[in-house]
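*Asks:* Next up is a structure, given as structure tokens.
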Amino acid sequence: MNIFSSSLRLPSSFLSTPPFDKLEDSMGVNYHYNQNNQPCPNFPTKRLITWALYALIPLALLHFYFFPIFPSQNPPLITETTLENSKLINPQPQDKEAKLQLQLTQPQCDYFNGNWVKSTIEPLYNGTSCGTIKKGQNCMVHGRPDTGYLYWRWKPENCEIPPFDPASFLELITNRHMAFIGDSMARNQLESLLCLLATKSRPELVYRDSEENKFRRWVFKEYNTTVSVFWSPFLVKGLEKSAASGLSHNKLYLDVADEKWASDLNKFDIMIFSIGHWFLHPAIYYEGESVLGCHHCPEFNHTEIGFFGVFQKAISTTLKRVKEELNGSDKLVVVTTFSPAQFEGEWDKAGACPKKEPYKQGEKDMEYMDTEMRRVQIEEVTTVAKEVEAVKGRLKIEALDVTKLAMMRPDGHPGPYMNPNPFAEGKKERVPNDCVHWCMPGPIDSWNEILLEIVKRWSH
């Protein structure tokens, strides 16, 4: 029986009176007469169905707007309101202990896969508000005219990364010493972190070795926190090619950690290692006093062995030294994975890194070399991390996996704005470009958003 029918078939016992006559009042409501000849309204089913359809159609349109069957290829826009609404939809516990338990029960985020999404959120700092930006990365002050590269956020596929919270970061590293160790990419990440933290508390420079700024130390007195940077482009013992050394190639001793940082290991609570690009330069490799081979050394009678295996050996030696000295201790060791160079053509030609927007997911594949450099780091970190897990203590070794998200940001490099106002006198055919390091503010600030999440999990 159709309960929505306006003319129901009733059993014969209900039909002993004359048939129910219908009338319609001025409002369009149907009436039946009951057995006492009193008019009573009939259930206006046809009209209710029509009204229901009118109500359901806009609701359906809203549903398909927010949950489309065929999702748009354009990434969503992230705004302050978006983030606040997210908190309302997924309310976070206010109690610190409850927040902690929620964090620890959630699966660990895969930061490697995701997309850069547009954002209206302003950077925490700019080219004039932060005093620790290296001149070559201060794209704003050097006259870069476009600002679109500032308004993108990294969105992993299976989780959210909150905007950087300098107060939370400083609380987590209170009474601790954090050291960035490696090459100029380690320095780039360090200077980004200092700019972000300076929006809450001003860092005071308490040590520098020279004008080259290869070894520096800051303190945040309010938090009794120390942040240092150590120049060590190979992490193992090495001699760098330079006019001063008279070497046209690097010399690396792959079985010995660089004592410039290794001798201070026990003074650090958190270590961030970041190397890679110096391994592409010509070099001779040693183990003990024996020559293992070389990379790009035609003037020497040595076997050409490339640099992937050498890079892996350097990471292995570094983490072995860390494990030997710190295993069982309450320390955090982070290896920031390789950040690719993105030159399109010659480094000193105009337009060497001309992109103005990020690549979309799947738009560009990683180059073979970048993939191999990342693979080496992930493999070594995974191996040693499993070894230290078996030992009592809170030593944590983890990868800060930025290779793919860095590869997707060809727009975030200084390019010709490594120097001030490179086109003040008009366009030039030849101009130096930096397509390796990152503008500040810029994409590298996202590295430290992820670092904050890693430190949170370790600290608790």
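Letters for chains follow the order of the structure tokens (A, B, ...), residue numbers begin at 1 for each chain, and ligand numbers begin at 1 in the order shown.
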List as a list in words the protein and nucleic acid residues near Tyr207 in chain A, meaning an atom at most 12 Å away when only C-alpha atoms are counted, but skip any in the same chain fewer than 6 places from it.
*Replies:* Asn213, Lys214, Phe215, Arg216, Arg217, Trp218, Val219, Thr226, Val227, Ser228, Val229 and Phe230 of chain A
*Asks:* List as a Markdown table every residue of range 179-265 of chain A that is in contact with range 122-126 of chain A, defined as an atom at most 9 Å from one of its atoms (using only C-alpha atoms), together with the nearest atom pair and the distance in Å rounded to one decimal, sorted by chain and then rising number.
*Replies:*
| residue | atom | partner | partner_atom | distance |
| --- | --- | --- | --- | --- |
| A:Cys195 | CA | A:Tyr125 | CA | 6.7 |
| A:Leu196 | CA | A:Leu124 | CA | 6.5 |
| A:Ala198 | CA | A:Tyr125 | CA | 8.7 |
| A:Thr199 | CA | A:Leu124 | CA | 7.0 |
*Asks:* Mind dumping the selected residues with N, CA, C and O atoms as a short mmCIF file (atom, residue, chain, number, x, y, z; two decimals), in the first residue's frame?
*Replies:*
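Ended up saving to result.cif:
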data_model
loop_
_atom_site.label_atom_id
_atom_site.label_comp_id
_atom_site.auth_asym_id
_atom_site.auth_seq_id
_atom_site.Cartn_x
_atom_site.Cartn_y
_atom_site.Cartn_z
N CYS A 195 63.95 33.51 12.14
CA CYS A 195 62.99 34.56 11.78
C CYS A 195 61.60 34.24 12.33
O CYS A 195 60.90 35.13 12.81
N LEU A 196 61.21 32.98 12.25
CA LEU A 196 59.90 32.58 12.76
C LEU A 196 59.84 32.74 14.28
O LEU A 196 58.85 33.27 14.82
N ALA A 198 61.68 34.66 16.14
CA ALA A 198 61.89 36.06 16.54
C ALA A 198 60.58 36.83 16.63
O ALA A 198 60.52 37.90 17.24
N THR A 199 59.51 36.32 16.02
CA THR A 199 58.21 36.99 16.13
C THR A 199 57.62 36.83 17.53
O THR A 199 56.66 37.52 17.88
#
*Asks:* Name the residues of range 127-304 of chain A that come out as helix (DSSP H, G or I) in a backbone DSSP run; write them as a ChimeraX atom specification.
*Replies:* /A:135-137,148-150,166-172,184-198,221-223,259-262,265-267,277-280
*Asks:* Generate the output file for the selected residues, C-alpha atoms, as a PDB file, in the first residue's frame.
*Replies:*
ATOM      1  CA  LYS A 135      71.388  38.914   1.995  1.00  0.00           C
ATOM      2  CA  GLY A 136      71.296  36.499  -0.927  1.00  0.00           C
ATOM      3  CA  GLN A 137      67.949  35.070   0.232  1.00  0.00           C
ATOM      4  CA  GLY A 148      52.585  35.108  -5.228  1.00  0.00           C
ATOM      5  CA  TYR A 149      55.263  32.672  -4.026  1.00  0.00           C
ATOM      6  CA  LEU A 150      54.517  33.773  -0.443  1.00  0.00           C
ATOM      7  CA  PRO A 166      56.613  30.252  17.631  1.00  0.00           C
ATOM      8  CA  ALA A 167      55.434  30.187  21.258  1.00  0.00           C
ATOM      9  CA  SER A 168      54.834  26.418  21.138  1.00  0.00           C
ATOM     10  CA  PHE A 169      58.204  25.788  19.502  1.00  0.00           C
ATOM     11  CA  LEU A 170      60.049  27.852  22.106  1.00  0.00           C
ATOM     12  CA  GLU A 171      58.233  26.110  24.952  1.00  0.00           C
ATOM     13  CA  LEU A 172      59.228  22.719  23.525  1.00  0.00           C
ATOM     14  CA  SER A 184      74.278  26.205   3.280  1.00  0.00           C
ATOM     15  CA  MET A 185      70.897  24.428   3.161  1.00  0.00           C
ATOM     16  CA  ALA A 186      71.220  23.767   6.900  1.00  0.00           C
ATOM     17  CA  ARG A 187      72.003  27.470   7.336  1.00  0.00           C
ATOM     18  CA  ASN A 188      69.003  28.440   5.149  1.00  0.00           C
ATOM     19  CA  GLN A 189      66.677  26.346   7.336  1.00  0.00           C
ATOM     20  CA  LEU A 190      68.237  27.691  10.546  1.00  0.00           C
ATOM     21  CA  GLU A 191      67.795  31.324   9.456  1.00  0.00           C
ATOM     22  CA  SER A 192      64.174  30.624   8.550  1.00  0.00           C
ATOM     23  CA  LEU A 193      63.593  29.185  12.028  1.00  0.00           C
ATOM     24  CA  LEU A 194      65.235  32.171  13.712  1.00  0.00           C
ATOM     25  CA  CYS A 195      62.992  34.556  11.781  1.00  0.00           C
ATOM     26  CA  LEU A 196      59.899  32.579  12.761  1.00  0.00           C
ATOM     27  CA  LEU A 197      60.891  32.380  16.443  1.00  0.00           C
ATOM     28  CA  ALA A 198      61.886  36.057  16.542  1.00  0.00           C
ATOM     29  CA  LYS A 221      67.210  34.221  27.258  1.00  0.00           C
ATOM     30  CA  GLU A 222      63.549  34.156  28.151  1.00  0.00           C
ATOM     31  CA  TYR A 223      63.505  30.399  27.482  1.00  0.00           C
ATOM     32  CA  GLU A 259      85.059  16.732  14.839  1.00  0.00           C
ATOM     33  CA  LYS A 260      83.895  20.327  14.390  1.00  0.00           C
ATOM     34  CA  TRP A 261      80.429  19.099  15.356  1.00  0.00           C
ATOM     35  CA  ALA A 262      81.074  15.587  16.656  1.00  0.00           C
ATOM     36  CA  LEU A 265      77.558  15.982  20.403  1.00  0.00           C
ATOM     37  CA  ASN A 266      76.784  15.602  24.098  1.00  0.00           C
ATOM     38  CA  LYS A 267      76.011  19.324  24.378  1.00  0.00           C
ATOM     39  CA  HIS A 277      75.087  19.602  -2.812  1.00  0.00           C
ATOM     40  CA  TRP A 278      78.797  19.596  -1.992  1.00  0.00           C
ATOM     41  CA  PHE A 279      78.966  15.916  -2.982  1.00  0.00           C
ATOM     42  CA  LEU A 280      78.351  16.912  -6.590  1.00  0.00           C
TER      43      LEU A 280
END
*Asks:* Calculated over only C-alpha atoms, which of the candidates A:Ala243, A:Ile275, A:Ile378, A:Met408 has the smallest distance to Glu363 in chain A?
*Replies:*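 The closest residue to Glu363 in chain A is A:Met408.
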*Asks:* Write out as a Markdown table the residues of range 367-440 of chain A that have any atom within 9 Å of an atom of range 331-349 of chain A, one row each with the nearest atom pair and its distance in Å to one decimal, counting only C-alpha atoms, sorted by chain and then rising number.
*Replies:*
| residue | atom | partner | partner_atom | distance |
| --- | --- | --- | --- | --- |
| A:Glu367 | CA | A:Pro340 | CA | 8.7 |
| A:Met369 | CA | A:Pro340 | CA | 8.8 |
| A:Asp370 | CA | A:Pro340 | CA | 6.1 |
| A:Thr371 | CA | A:Phe338 | CA | 8.8 |
| A:Met373 | CA | A:Phe338 | CA | 6.2 |
| A:Arg374 | CA | A:Phe338 | CA | 5.6 |
| A:Arg375 | CA | A:Thr337 | CA | 8.9 |
| A:Gln377 | CA | A:Thr337 | CA | 6.4 |
| A:Ile378 | CA | A:Thr337 | CA | 7.7 |
| A:Val381 | CA | A:Val335 | CA | 7.5 |
| A:Gly393 | CA | A:Lys331 | CA | 8.9 |
| A:Arg394 | CA | A:Lys331 | CA | 6.4 |
| A:Leu395 | CA | A:Lys331 | CA | 4.7 |
| A:Lys396 | CA | A:Leu332 | CA | 4.9 |
| A:Ile397 | CA | A:Val333 | CA | 4.7 |
| A:Glu398 | CA | A:Val334 | CA | 5.0 |
| A:Ala399 | CA | A:Val335 | CA | 4.7 |
| A:Leu400 | CA | A:Thr336 | CA | 4.5 |
| A:Asp401 | CA | A:Thr337 | CA | 5.2 |
| A:Val402 | CA | A:Thr337 | CA | 5.8 |
| A:Thr403 | CA | A:Ser339 | CA | 5.1 |
| A:Lys404 | CA | A:Ser339 | CA | 8.2 |
| A:Leu405 | CA | A:Ser339 | CA | 8.8 |
| A:Ala406 | CA | A:Ser339 | CA | 5.9 |
| A:Met407 | CA | A:Pro340 | CA | 6.0 |
| A:Arg409 | CA | A:Gln342 | CA | 9.0 |
| A:Pro410 | CA | A:Gln342 | CA | 6.2 |
| A:His413 | CA | A:Gln342 | CA | 8.5 |
| A:Gly415 | CA | A:Phe343 | CA | 8.9 |
| A:Pro416 | CA | A:Asp348 | CA | 8.6 |
| A:Lys428 | CA | A:Lys349 | CA | 8.6 |
| A:Glu429 | CA | A:Lys349 | CA | 6.1 |
| A:Arg430 | CA | A:Lys349 | CA | 4.6 |
| A:Val431 | CA | A:Asp348 | CA | 5.0 |
| A:Pro432 | CA | A:Asp348 | CA | 4.2 |
| A:Asn433 | CA | A:Trp347 | CA | 5.5 |
| A:Asp434 | CA | A:Trp347 | CA | 7.4 |
| A:Cys435 | CA | A:Gln342 | CA | 5.4 |
| A:Val436 | CA | A:Ala341 | CA | 4.5 |
| A:His437 | CA | A:Ala341 | CA | 8.0 |
*Asks:* Output N, CA and C atoms for every residue in the selection just made, as a compact mmCIF listing (two decimals), in the first residue's frame.
*Replies:*
# COMPACT_ATOMS: atom_id res chain seq x y z
N GLU A 367 63.79 14.16 -10.52
CA GLU A 367 64.95 13.73 -11.29
C GLU A 367 65.61 12.53 -10.61
N MET A 369 68.74 11.86 -9.94
CA MET A 369 69.72 12.18 -8.89
C MET A 369 69.04 12.56 -7.58
N ASP A 370 67.99 13.39 -7.67
CA ASP A 370 67.29 13.82 -6.46
C ASP A 370 66.64 12.62 -5.75
N THR A 371 66.08 11.72 -6.55
CA THR A 371 65.46 10.51 -6.00
C THR A 371 66.48 9.66 -5.27
N MET A 373 69.47 10.61 -4.00
CA MET A 373 69.98 11.27 -2.80
C MET A 373 68.99 11.11 -1.64
N ARG A 374 67.71 11.29 -1.92
CA ARG A 374 66.70 11.10 -0.89
C ARG A 374 66.66 9.64 -0.42
N ARG A 375 66.71 8.71 -1.38
CA ARG A 375 66.65 7.29 -1.02
C ARG A 375 67.76 6.91 -0.05
N GLN A 377 69.33 8.78 2.10
CA GLN A 377 69.09 9.33 3.43
C GLN A 377 67.98 8.59 4.17
N ILE A 378 66.89 8.30 3.46
CA ILE A 378 65.78 7.59 4.09
C ILE A 378 66.22 6.19 4.53
N VAL A 381 68.55 6.48 7.67
CA VAL A 381 67.80 6.90 8.85
C VAL A 381 66.92 5.75 9.35
N GLY A 393 65.78 4.25 26.51
CA GLY A 393 66.15 5.66 26.37
C GLY A 393 65.23 6.33 25.37
N ARG A 394 65.43 7.60 25.16
CA ARG A 394 64.53 8.37 24.31
C ARG A 394 65.25 8.98 23.12
N LEU A 395 66.35 8.37 22.68
CA LEU A 395 66.99 8.84 21.47
C LEU A 395 66.07 8.55 20.29
N LYS A 396 65.79 9.57 19.53
CA LYS A 396 64.90 9.45 18.37
C LYS A 396 65.63 9.94 17.14
N ILE A 397 65.63 9.13 16.07
CA ILE A 397 66.26 9.50 14.81
C ILE A 397 65.18 9.49 13.74
N GLU A 398 65.03 10.59 13.03
CA GLU A 398 63.91 10.73 12.11
C GLU A 398 64.34 11.55 10.90
N ALA A 399 63.67 11.31 9.77
CA ALA A 399 63.92 12.08 8.55
C ALA A 399 62.89 13.19 8.42
N LEU A 400 63.34 14.37 8.08
CA LEU A 400 62.47 15.47 7.70
C LEU A 400 62.45 15.45 6.17
N ASP A 401 61.44 14.79 5.62
CA ASP A 401 61.42 14.42 4.21
C ASP A 401 60.84 15.54 3.36
N VAL A 402 61.71 16.39 2.84
CA VAL A 402 61.26 17.58 2.11
C VAL A 402 61.57 17.53 0.61
N THR A 403 62.16 16.44 0.12
CA THR A 403 62.65 16.43 -1.26
C THR A 403 61.54 16.70 -2.27
N LYS A 404 60.42 16.02 -2.12
CA LYS A 404 59.35 16.18 -3.10
C LYS A 404 58.68 17.54 -2.98
N LEU A 405 58.38 17.97 -1.77
CA LEU A 405 57.70 19.26 -1.63
C LEU A 405 58.62 20.40 -2.05
N ALA A 406 59.95 20.22 -1.90
CA ALA A 406 60.90 21.22 -2.40
C ALA A 406 60.94 21.22 -3.93
N MET A 407 60.94 20.02 -4.52
CA MET A 407 60.97 19.90 -5.98
C MET A 407 59.76 20.58 -6.61
N ARG A 409 58.43 23.35 -5.79
CA ARG A 409 58.42 24.80 -5.61
C ARG A 409 59.52 25.51 -6.41
N PRO A 410 59.50 25.39 -7.73
CA PRO A 410 60.52 26.09 -8.53
C PRO A 410 60.40 27.60 -8.46
N HIS A 413 62.81 30.20 -5.31
CA HIS A 413 64.24 30.50 -5.24
C HIS A 413 64.51 31.99 -5.51
N GLY A 415 66.70 33.21 -7.52
CA GLY A 415 66.99 33.48 -8.93
C GLY A 415 67.92 34.67 -9.05
N PRO A 416 67.62 35.64 -9.92
CA PRO A 416 68.52 36.79 -10.08
C PRO A 416 68.51 37.72 -8.87
N LYS A 428 68.96 42.12 -18.71
CA LYS A 428 70.30 41.65 -19.05
C LYS A 428 70.21 40.22 -19.56
N GLU A 429 71.06 39.89 -20.50
CA GLU A 429 71.11 38.53 -21.01
C GLU A 429 71.82 37.61 -20.02
N ARG A 430 72.86 38.14 -19.38
CA ARG A 430 73.62 37.35 -18.40
C ARG A 430 73.48 37.96 -17.02
N VAL A 431 73.06 37.15 -16.08
CA VAL A 431 72.90 37.59 -14.69
C VAL A 431 73.00 36.36 -13.80
N PRO A 432 73.75 36.41 -12.71
CA PRO A 432 73.86 35.25 -11.81
C PRO A 432 72.50 34.90 -11.21
N ASN A 433 72.25 33.60 -11.03
CA ASN A 433 71.01 33.11 -10.47
C ASN A 433 71.28 32.11 -9.35
N ASP A 434 70.45 32.16 -8.33
CA ASP A 434 70.48 31.14 -7.27
C ASP A 434 69.17 30.37 -7.34
N CYS A 435 69.24 29.17 -7.88
CA CYS A 435 68.07 28.29 -7.99
C CYS A 435 68.23 27.09 -7.07
N VAL A 436 69.00 27.27 -5.98
CA VAL A 436 69.24 26.21 -4.99
C VAL A 436 68.63 26.59 -3.65
N HIS A 437 69.02 27.76 -3.16
CA HIS A 437 68.53 28.20 -1.85
C HIS A 437 67.11 28.77 -1.99
*Asks:* CA of Tyr285 in chain A and CA of Phe234 in chain A, how far apart in Å?
*Replies:*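 The value is 11.5 Å.
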*Asks:* In terms of the shortest atom-to-atom distance over only C-alpha atoms, which of A:Ser210, A:Val291, A:Met440, A:Ala283 is closest to Lys251 in chain A?
*Replies:*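 Answer, going by the shortest atom-to-atom distance: A:Ala283.
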*Asks:* Please provide as number ranges by chain all residues within 8 Å of Pro156 in chain A, with the sequence filter that same-chain residues fewer than 2 positions apart are discarded (counting only C-alpha atoms).
*Replies:* A: 109-115, 154, 158-161
*Asks:* With C-alpha atoms retained, write the just-selected residues as a CSV table (one decimal), in the first residue's frame.
*Replies:*
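Now in part.csv:
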chain,number,residue,atom,x,y,z
A,109,CYS,CA,51.8,12.0,9.2
A,110,ASP,CA,53.3,11.2,5.8
A,111,TYR,CA,54.7,14.6,4.9
A,112,PHE,CA,56.2,13.4,1.6
A,113,ASN,CA,53.0,13.2,-0.4
A,114,GLY,CA,50.7,16.1,-0.8
A,115,ASN,CA,50.1,19.4,-2.7
A,154,TRP,CA,52.0,22.5,2.0
A,158,ASN,CA,46.4,12.4,4.9
A,159,CYS,CA,46.9,15.1,7.6
A,160,GLU,CA,47.0,18.8,8.4
A,161,ILE,CA,50.1,20.8,9.3
*Asks:* Enter the distance from CA of Cys439 in chain A to CA of Asn138 in chain A, in Å, rounded to one decimal.
*Replies:*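 Separating CA of Cys439 in chain A from CA of Asn138 in chain A is a distance of 6.0 Å.
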*Asks:* Go through A:Asp165, A:Phe307, A:Lys118, A:Trp231 one by one, measure the shortest atom-to-atom distance of each to Gly293 in chain A using only C-alpha atoms, and give the residue with the smallest value.
*Replies:*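 Once distances to Gly293 in chain A are computed over only C-alpha atoms, the minimum belongs to A:Phe307.
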*Asks:* From the set A:Asn421, A:Ser446, A:Ser232, A:Asn327, which residue has the shortest atom-to-atom contact distance to Phe180 in chain A, counting only C-alpha atoms?
*Replies:*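 For Phe180 in chain A, the nearest of the given residues is A:Ser232.
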*Asks:* Give me the residues near Glu287 in chain A as a PyMOL selection string, where near means some atom within 12 Å (using only C-alpha atoms) and where sequence neighbours in that chain fewer than 6 positions away do not count.
*Replies:* chain A and resi 236-238+251-257+293-294+310+313-314+317
*Asks:* Any idea what the distance is between CA of Ile284 in chain A and CA of Asn250 in chain A?
*Replies:* 6.3 Å
*Asks:* Go through A:Ile270, A:Ala350, A:Leu451, A:Leu292 one by one, measure the shortest atom-to-atom distance of each to Thr174 in chain A using only C-alpha atoms, and give the residue with the smallest value.
*Replies:* A:Ile270
*Asks:* For the structure I just gave you, how does DSSP split range 113-225 of chain A - specifically, which residues are strand (DSSP E or B)? Reply as an mmCIF file with C-alpha atoms, in the first residue's frame.
*Replies:*
data_model
loop_
_atom_site.group_PDB
_atom_site.id
_atom_site.type_symbol
_atom_site.label_atom_id
_atom_site.label_comp_id
_atom_site.auth_asym_id
_atom_site.auth_seq_id
_atom_site.Cartn_x
_atom_site.Cartn_y
_atom_site.Cartn_z
ATOM 1 C CA GLY A 114 50.716 16.134 -0.849
ATOM 2 C CA ASN A 115 50.129 19.385 -2.691
ATOM 3 C CA TRP A 116 50.875 23.056 -2.368
ATOM 4 C CA VAL A 117 47.569 24.860 -1.829
ATOM 5 C CA LYS A 118 46.826 28.559 -2.168
ATOM 6 C CA SER A 119 46.635 30.544 1.044
ATOM 7 C CA TRP A 152 51.108 28.753 -0.659
ATOM 8 C CA ARG A 153 50.960 26.140 2.107
ATOM 9 C CA TRP A 154 52.045 22.506 1.973
ATOM 10 C CA LYS A 155 49.068 20.152 2.490
ATOM 11 C CA PRO A 156 49.941 16.457 3.003
ATOM 12 C CA HIS A 177 70.300 23.312 22.762
ATOM 13 C CA MET A 178 69.331 22.900 19.107
ATOM 14 C CA ALA A 179 72.074 22.614 16.474
ATOM 15 C CA PHE A 180 71.829 22.828 12.673
ATOM 16 C CA ILE A 181 74.769 20.992 11.133
ATOM 17 C CA GLY A 182 75.690 20.799 7.464
ATOM 18 C CA GLU A 204 70.655 37.255 20.849
ATOM 19 C CA LEU A 205 73.804 36.418 18.897
ATOM 20 C CA VAL A 206 76.407 35.347 21.469
ATOM 21 C CA TYR A 207 79.086 33.823 19.235
ATOM 22 C CA ARG A 208 80.311 34.029 15.663
ATOM 23 C CA PHE A 215 79.743 28.914 13.179
ATOM 24 C CA ARG A 216 77.251 30.989 15.146
ATOM 25 C CA ARG A 217 75.259 30.677 18.337
ATOM 26 C CA TRP A 218 72.138 32.479 19.583
ATOM 27 C CA VAL A 219 70.299 32.365 22.875
ATOM 28 C CA PHE A 220 66.659 33.021 23.699
ATOM 29 C CA THR A 225 67.357 28.094 24.807
#
*Asks:* Please provide as a PyMOL selection string all residues within 9 Å of Pro162 in chain A, with the sequence filter that same-chain residues fewer than 2 positions apart are discarded (counting only C-alpha atoms).
*Replies:* chain A and resi 83+160+164-165+449-450+453
*Asks:* Could you write those residues out with all heavy atoms, as an mmCIF file, in the first residue's frame?
*Replies:*
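That gives us again.cif:
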data_model
loop_
_atom_site.group_PDB
_atom_site.id
_atom_site.type_symbol
_atom_site.label_atom_id
_atom_site.label_comp_id
_atom_site.auth_asym_id
_atom_site.auth_seq_id
_atom_site.Cartn_x
_atom_site.Cartn_y
_atom_site.Cartn_z
ATOM 1 N N LEU A 83 41.042 27.768 8.645
ATOM 2 C CA LEU A 83 41.698 27.100 9.771
ATOM 3 C C LEU A 83 40.832 27.144 11.017
ATOM 4 O O LEU A 83 40.739 26.176 11.763
ATOM 5 C CB LEU A 83 43.057 27.757 10.031
ATOM 6 C CG LEU A 83 44.073 27.578 8.902
ATOM 7 C CD1 LEU A 83 45.286 28.464 9.158
ATOM 8 C CD2 LEU A 83 44.496 26.128 8.784
ATOM 9 N N GLU A 160 46.869 17.309 8.417
ATOM 10 C CA GLU A 160 47.008 18.758 8.350
ATOM 11 C C GLU A 160 48.282 19.180 9.084
ATOM 12 O O GLU A 160 48.642 18.576 10.102
ATOM 13 C CB GLU A 160 45.807 19.444 9.023
ATOM 14 C CG GLU A 160 44.474 19.175 8.354
ATOM 15 C CD GLU A 160 44.289 19.967 7.077
ATOM 16 O OE1 GLU A 160 45.048 20.935 6.870
ATOM 17 O OE2 GLU A 160 43.383 19.621 6.294
ATOM 18 N N PHE A 164 52.815 27.660 11.674
ATOM 19 C CA PHE A 164 53.898 27.669 12.668
ATOM 20 C C PHE A 164 53.495 28.501 13.887
ATOM 21 O O PHE A 164 53.018 29.629 13.755
ATOM 22 C CB PHE A 164 55.164 28.243 12.046
ATOM 23 C CG PHE A 164 56.369 28.082 12.919
ATOM 24 C CD1 PHE A 164 57.129 26.933 12.872
ATOM 25 C CD2 PHE A 164 56.748 29.089 13.806
ATOM 26 C CE1 PHE A 164 58.236 26.776 13.680
ATOM 27 C CE2 PHE A 164 57.854 28.947 14.612
ATOM 28 C CZ PHE A 164 58.601 27.778 14.558
ATOM 29 N N ASP A 165 53.729 27.922 15.066
ATOM 30 C CA ASP A 165 53.415 28.584 16.333
ATOM 31 C C ASP A 165 54.726 28.810 17.084
ATOM 32 O O ASP A 165 55.251 27.885 17.710
ATOM 33 C CB ASP A 165 52.469 27.711 17.158
ATOM 34 C CG ASP A 165 52.053 28.373 18.467
ATOM 35 O OD1 ASP A 165 52.640 29.424 18.819
ATOM 36 O OD2 ASP A 165 51.163 27.839 19.147
ATOM 37 N N GLU A 449 57.694 24.198 9.844
ATOM 38 C CA GLU A 449 56.369 23.783 10.318
ATOM 39 C C GLU A 449 56.355 22.276 10.565
ATOM 40 O O GLU A 449 55.818 21.807 11.573
ATOM 41 C CB GLU A 449 55.293 24.158 9.297
ATOM 42 C CG GLU A 449 55.011 25.651 9.222
ATOM 43 C CD GLU A 449 53.908 26.000 8.249
ATOM 44 O OE1 GLU A 449 53.636 25.192 7.326
ATOM 45 O OE2 GLU A 449 53.317 27.081 8.404
ATOM 46 N N ILE A 450 56.956 21.522 9.650
ATOM 47 C CA ILE A 450 57.038 20.064 9.823
ATOM 48 C C ILE A 450 57.970 19.735 10.983
ATOM 49 O O ILE A 450 57.684 18.839 11.786
ATOM 50 C CB ILE A 450 57.518 19.393 8.525
ATOM 51 C CG1 ILE A 450 56.541 19.688 7.386
ATOM 52 C CG2 ILE A 450 57.661 17.886 8.719
ATOM 53 C CD1 ILE A 450 57.017 19.221 6.016
ATOM 54 N N GLU A 453 56.239 19.801 14.244
ATOM 55 C CA GLU A 453 55.423 18.614 14.514
ATOM 56 C C GLU A 453 56.290 17.442 14.968
ATOM 57 O O GLU A 453 55.901 16.665 15.850
ATOM 58 C CB GLU A 453 54.623 18.230 13.264
ATOM 59 C CG GLU A 453 53.644 19.296 12.800
ATOM 60 C CD GLU A 453 52.718 19.744 13.914
ATOM 61 O OE1 GLU A 453 51.992 18.903 14.470
ATOM 62 O OE2 GLU A 453 52.721 20.954 14.240
#
